[in-house]
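Undergrad: The structure under discussion is supplied below as structure tokens; questions concerning it will follow.
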Amino acid sequence: MAQLTNERKAKPVSTTLPDVDMQGRIMPQAIDFEEAVLGAMILDNNATVIVIDQLREEMFYKESHQKIFKAIFQVFSKHDPVDLLSVTKQLRQNGTLEQVGGAYYISSLTNRVVSSANIEYHARILLEKFIQRKLIEISTETIRNAYDNSLDVLDMLDHAEQRLFDIAEQNFHQSHQQMSDLIQEVLEDLQQMKLSGEKLRGLASGFSDLDRLTNGWQKGTLNIIAARPGMGKTAFVLSMARNITVDAGKPLAIFSLEMSASDLVMRLISAESGFKQNKLKSGDLNERDWATLINSTTELGKAKLIIDDTAGLSIFELRAKCRRFKQQYDIQAVIIDYLQLMTAGSDMKGNREQEISTISRSLKALSKELDIPVIALSQLNRGVETRAGAGVSKRPQLSDLRESGAIEQDADIVMFIYRPEYYHLETFDDDNTPSAGLAELIVAKHRNGATKSIRLRFIADYAKFCDITTDQINVPEGPIPTPRIPEEMDDGVHNVLIESRINQSGGGVEDDYPY
């Protein structure tokens, strides 16, 4: 995607708006509420404590009120009592006392306030007016840029989306909660689990040992699944997505930045039907094979699985899409394949490590905002491959995470996939168990539980993971079954939903298909 020209970036849009807009209308403002808030803060220290972290200097429309709030904030930051004398003194030190109307005007602010009881409501009005002005500012800039034929349209869209994202990020934070409310919320959650008969507090992955260790994927958590190419990261999350959407019937969204949606669906069909991918891709199916294929994928076709294969997805686009999917389909989790292929947006400055840190923090914030688990795949650096020598293990460790230590810091769970068979090792190095057809999930970090290694069966022919006790895939035998075509779902999610813009770029990078 083209970037805004350097000349354009060198001319930032002024944050000071005129009193009227292009149509001659007065800008959104609430001067009387500004006076009430400032007067209450000067009159009552408790009122200052309540709203000081909710307001910022630029939220006040009147310039003199901005200077008064700045003085109040400075006094508060020095842990001095906020009152008429201290604020007046601070304004005098700032050299702005006469600019705001002198000590008489400061005194008049307190005279207009009868009580500070409604200061939270008044502060909320100021926030709303400020957001309205910011929206007008962004819209005005967008309109002006839209008439400039020298600018790239998609970059303009990304720039406008990022500025809107910044407004929401800076001004809508979850408020604090009382202990009594939190306890009530937890008790209601536990009671609901008891009544529903569910054994896990989180979203079940479908892998028994993993679910016992994690108690399911927990809401509001960032979970990292990392491995070297060829270990089967994509195969693992696809197997898990199938378990969640088909067996548990939960809606799920997958963002595939590397593989196309059709390739992912081909893998799912192969694992579900028992036909190898090369057989499916060649079209070498007789009448019996075709009937078997249709019947074995009926349940898969009903899955509430949303696949978005937008290439070069930015964190801002991801957040917007996830909000929409949450509203439309009530998705219960998000899977991202994979983290290093995301971007932090065109305006992000700094090296790649800083960009990955921004993406990691944003994914964590997204999980808390939507109250769902976010599961992101990540690459490991080549340190795993370079480890050699007698007794030296190629088992991945936290220091192998690629490009940023922030991933380890932000994640609630960090899990590695390790298959000794990939390195032509016949046994696991810790207990000499034969490694053929097995994979190890190494839970290296678990913020709310124990760290442990779990072994799963890996069926390479179908790129599928399953519990060790699960039988392998067998193609059904017997008479030719009658094909049953999946019907459309009532909630508007038809079979596997695909939002594809993969053709906008050259496709993905390295494919971690395990053979």
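Each chain of the structure tokens is named A, B, ... in the order shown, its residues numbered from 1; ligands are numbered from 1 in display order.
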May I have all residues of region 306-414 of chain A that DSSP, computed from the backbone, assigns to helix (DSSP H, G or I), given as a ChimeraX atom specification?
TA: /A:315-329,339-341,352-370,383-386,398-400,406-410
Undergrad: Write to file, as a compact mmCIF listing (two decimals), in the first residue's frame, the residues of the selection just made, with C-alpha atoms.
TA:
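Result file is result.txt:
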```txt
# COMPACT_ATOMS: atom_id res chain seq x y z
CA ILE A 315 -4.02 -3.98 13.74
CA PHE A 316 -6.58 -1.24 13.12
CA GLU A 317 -8.32 -3.24 10.39
CA LEU A 318 -8.27 -6.31 12.61
CA ARG A 319 -9.90 -4.48 15.48
CA ALA A 320 -12.65 -3.05 13.26
CA LYS A 321 -13.39 -6.47 11.73
CA CYS A 322 -13.43 -8.21 15.12
CA ARG A 323 -15.89 -5.66 16.48
CA ARG A 324 -18.16 -6.26 13.50
CA PHE A 325 -17.90 -10.06 13.76
CA LYS A 326 -18.61 -9.87 17.50
CA GLN A 327 -21.72 -7.80 16.85
CA GLN A 328 -22.98 -9.87 13.89
CA TYR A 329 -22.01 -13.42 14.87
CA LEU A 339 1.44 -12.34 14.18
CA GLN A 340 4.64 -11.35 12.35
CA LEU A 341 2.71 -10.81 9.10
CA ARG A 352 10.22 -3.91 13.46
CA GLU A 353 10.64 -4.92 17.11
CA GLN A 354 8.77 -1.80 18.24
CA GLU A 355 6.05 -2.50 15.67
CA ILE A 356 5.60 -6.07 16.91
CA SER A 357 5.43 -4.73 20.48
CA THR A 358 2.62 -2.37 19.43
CA ILE A 359 0.75 -5.22 17.72
CA SER A 360 1.16 -7.47 20.77
CA ARG A 361 -0.18 -4.83 23.17
CA SER A 362 -3.07 -4.08 20.82
CA LEU A 363 -4.04 -7.76 20.62
CA LYS A 364 -4.08 -7.95 24.41
CA ALA A 365 -6.27 -4.83 24.56
CA LEU A 366 -8.58 -6.33 21.91
CA SER A 367 -9.08 -9.50 23.96
CA LYS A 368 -10.08 -7.44 26.99
CA GLU A 369 -12.33 -5.13 24.99
CA LEU A 370 -14.32 -7.94 23.34
CA GLY A 383 18.20 -20.23 17.16
CA VAL A 384 16.35 -23.54 17.42
CA GLU A 385 17.89 -24.79 14.18
CA THR A 386 21.43 -23.70 15.05
CA LEU A 398 10.88 -18.48 25.44
CA SER A 399 14.08 -16.82 24.26
CA ASP A 400 13.39 -18.24 20.77
CA ALA A 406 6.93 -7.96 24.33
CA ILE A 407 5.15 -11.06 23.00
CA GLU A 408 6.32 -13.04 26.02
CA GLN A 409 5.46 -10.16 28.35
CA ASP A 410 1.94 -9.49 27.04
```
Undergrad: If we count only C-alpha atoms, what is near Thr96 (chain A) at a cut-off of 10 Å, once residues fewer than 5 positions away on the same chain are taken out, given as a PyMOL selection string?
TA: chain A and resi 64+67-68+71+88+90-91+101-102
Undergrad: Just asking: which residues within region 273-376 of chain A are strand (DSSP E) according to DSSP, as a list in words?
TA: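 Secondary structure check on region 273-376 of chain A, strand (DSSP E): Leu305, Ile306, Ile307, Asp308, Val334, Ile335, Ile336, Asp337, Val374, Ile375 and Ala376 of chain A.
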Undergrad: Nearest residue to Ile336 (chain A) out of A:Ser314, A:Ser116, A:Ser150, A:Asn94, using only C-alpha atoms?
TA: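 Comparing A:Ser314, A:Ser116, A:Ser150, A:Asn94 against Ile336 (chain A), the winner is A:Ser314.
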Undergrad: Please, what distance in Å, to one decimal, runs between CA of Thr297 (chain A) and CA of Asn278 (chain A)?
TA: 17.5 Å
Undergrad: Skip Leu280 (chain A) itself and residues of its chain fewer than 6 positions away, then list as a ChimeraX atom specification all residues within 12 Å of it, counting only C-alpha atoms.
TA: /A:263,265-271,273-274,286,289-290,293,462
Undergrad: List the neighbours of region 451-457 of chain A out to 6 Å using only C-alpha atoms; skip same-chain residues closer than 2 positions along the sequence, and give me the result as a ChimeraX atom specification.
TA: /A:437-444,446,465-468
Undergrad: Quick one: everything within 6 Å of Ala333 (chain A), counting only C-alpha atoms, minus sequence neighbours fewer than 4 positions away in the same chain. Send it as a PyMOL selection string.
TA: chain A and resi 252+372-374
Undergrad: Create the file for the chosen residues now, containing C-alpha atoms and written as a PDB file, in the first residue's frame.
TA:
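To be explicit, this is the file written out as out_38.pdb:
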```
ATOM      1  CA  LEU A 252     -15.060 -18.408  15.664  1.00  0.00           C
ATOM      2  CA  ILE A 372     -12.852 -13.195  24.277  1.00  0.00           C
ATOM      3  CA  PRO A 373      -9.613 -15.168  23.968  1.00  0.00           C
ATOM      4  CA  VAL A 374      -7.261 -14.068  21.188  1.00  0.00           C
TER       5      VAL A 374
END
```
Undergrad: List as a list in words the protein and nucleic acid residues near Ala146 (chain A), meaning an atom at most 10 Å away when only C-alpha atoms are counted, but skip any in the same chain fewer than 6 places from it.
TA: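 Everything that qualifies: Thr140, Asp152, Val153, Met156 and Leu157 of chain A.
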Undergrad: Only N, CA and C atoms, please: the residues just picked out, written as a compact mmCIF listing (two decimals), in the first residue's frame.
TA:
```
# COMPACT_ATOMS: atom_id res chain seq x y z
N THR A 140 -13.24 16.56 8.30
CA THR A 140 -12.79 17.68 7.46
C THR A 140 -11.49 17.34 6.76
N ASP A 152 -2.91 8.27 -2.17
CA ASP A 152 -3.44 6.93 -2.37
C ASP A 152 -4.73 6.75 -1.56
N VAL A 153 -5.75 6.20 -2.19
CA VAL A 153 -7.07 6.08 -1.56
C VAL A 153 -7.01 5.14 -0.36
N MET A 156 -5.32 6.75 2.55
CA MET A 156 -6.22 7.72 3.19
C MET A 156 -7.20 7.00 4.11
N LEU A 157 -7.73 5.88 3.63
CA LEU A 157 -8.68 5.11 4.43
C LEU A 157 -8.02 4.60 5.70
```
